[in-house]
Amino acid sequence: MSKSPITCHVLDSSLGKPPRACSQTDADGRCMQLFPKDVAGTRLNLEQGRLYKVVFKTKEYFERTGRKCFYPWVEITFEVANPEEHYHIPLLISPYSFTTYRGS
């Protein structure tokens, strides 16, 4: 399986661990297959200058863990400057804050 050109890593910073209740992450909080494939199962390519968006439904996660939150979702929009590069998006969440950056 080829690696997705867009991946992420989500950590619940209020607990200091990955959010195991998130449906798209593995046990380590990583989403390794974010970018879609076509109907034949071939990985699609990133396009230079195009905007992409990843949405994390944080309210659903916090509700499943019995906590309230301020942000019902985190929406990260970014522009691809070089489609040959890998885009890794770490996300740190807590019930009342979040932070993200371009990872490696």
# chains A, B, ... in the order shown; residues from 1 in each chain; ligands from 1
>>> residues_around(residues="Ile93 in chain A", least_positions_apart="2", cutoff="6 Å", atoms="only C-alpha atoms", output="list in words")
Asp12, Ser13 and Phe98 of chain A
>>> write_last_selection(atoms="C-alpha atoms", output="PDB file, in the first residue's frame")
ATOM      1  CA  ASP A  12      -5.252  14.804  23.219  1.00  0.00           C
ATOM      2  CA  SER A  13      -2.914  17.161  25.059  1.00  0.00           C
ATOM      3  CA  PHE A  98      -6.084  23.197  19.677  1.00  0.00           C
TER       4      PHE A  98
END
>>> residues_around(residues="Pro36 in chain A", least_positions_apart="3", cutoff="12 Å", atoms="only C-alpha atoms", output="number ranges by chain")
A: 2-7, 32-33, 39-46
>>> residues_around(residues="Lys59 in chain A", least_positions_apart="4", cutoff="12 Å", atoms="only C-alpha atoms", output="ChimeraX atom specification")
/A:21-22,55,63-74,93-96
>>> write_last_selection(atoms="C-alpha atoms", output="short mmCIF file (atom, residue, chain, number, x, y, z; two decimals), in the first residue's frame")
data_model
loop_
_atom_site.label_atom_id
_atom_site.label_comp_id
_atom_site.auth_asym_id
_atom_site.auth_seq_id
_atom_site.Cartn_x
_atom_site.Cartn_y
_atom_site.Cartn_z
CA ALA A 21 -12.12 7.18 20.39
CA CYS A 22 -11.43 8.91 17.04
CA VAL A 55 -11.76 18.39 9.25
CA GLU A 63 -18.69 13.67 23.94
CA ARG A 64 -17.72 9.99 23.65
CA THR A 65 -15.21 10.54 26.44
CA GLY A 66 -17.72 12.34 28.68
CA ARG A 67 -16.29 15.85 28.26
CA LYS A 68 -17.63 19.10 26.86
CA CYS A 69 -15.62 21.14 24.39
CA PHE A 70 -15.59 24.64 22.96
CA TYR A 71 -14.70 23.80 19.34
CA PRO A 72 -17.11 21.31 17.70
CA TRP A 73 -14.59 20.69 14.92
CA VAL A 74 -11.13 21.75 13.81
CA ILE A 93 -6.44 18.99 20.98
CA SER A 94 -7.96 19.65 24.37
CA PRO A 95 -11.54 20.56 25.29
CA TYR A 96 -10.85 24.30 25.01
#
>>> closest_residue(among="A:Thr77, A:Gly103, A:Leu51, A:Asp38", to="Val10 in chain A", atoms="only C-alpha atoms")
A:Gly103
>>> select_by_dssp(residues="range 30-77 of chain A", states="strand (DSSP E)", output="VMD selection string")
chain A and resid 30 to 31 51 to 56 74 to 77
>>> residues_around(residues="Arg50 in chain A", least_positions_apart="6", cutoff="12 Å", atoms="only C-alpha atoms", output="MDAnalysis selection string")
chainID A and resid 77:83
>>> residues_around(residues="Gln24 in chain A", least_positions_apart="3", cutoff="12 Å", atoms="only C-alpha atoms", output="JSON, numbers by chain")
{"A": [7, 8, 9, 10, 18, 19, 20, 21, 27, 28, 29, 30, 31, 32, 33, 34, 54, 55, 56, 57, 58, 61]}
>>> select_by_dssp(residues="chain A", states="helix (DSSP H, G or I)", output="PyMOL selection string")
chain A and resi 58-64
>>> atom_distance(atom1="CA of Glu60 in chain A", atom2="CA of Thr25 in chain A")
13.8 Å
>>> atom_distance(atom1="CA of Lys53 in chain A", atom2="CA of Ile76 in chain A")
5.5 Å
>>> atom_distance(atom1="CA of Gly16 in chain A", atom2="CA of Phe35 in chain A")
26.9 Å
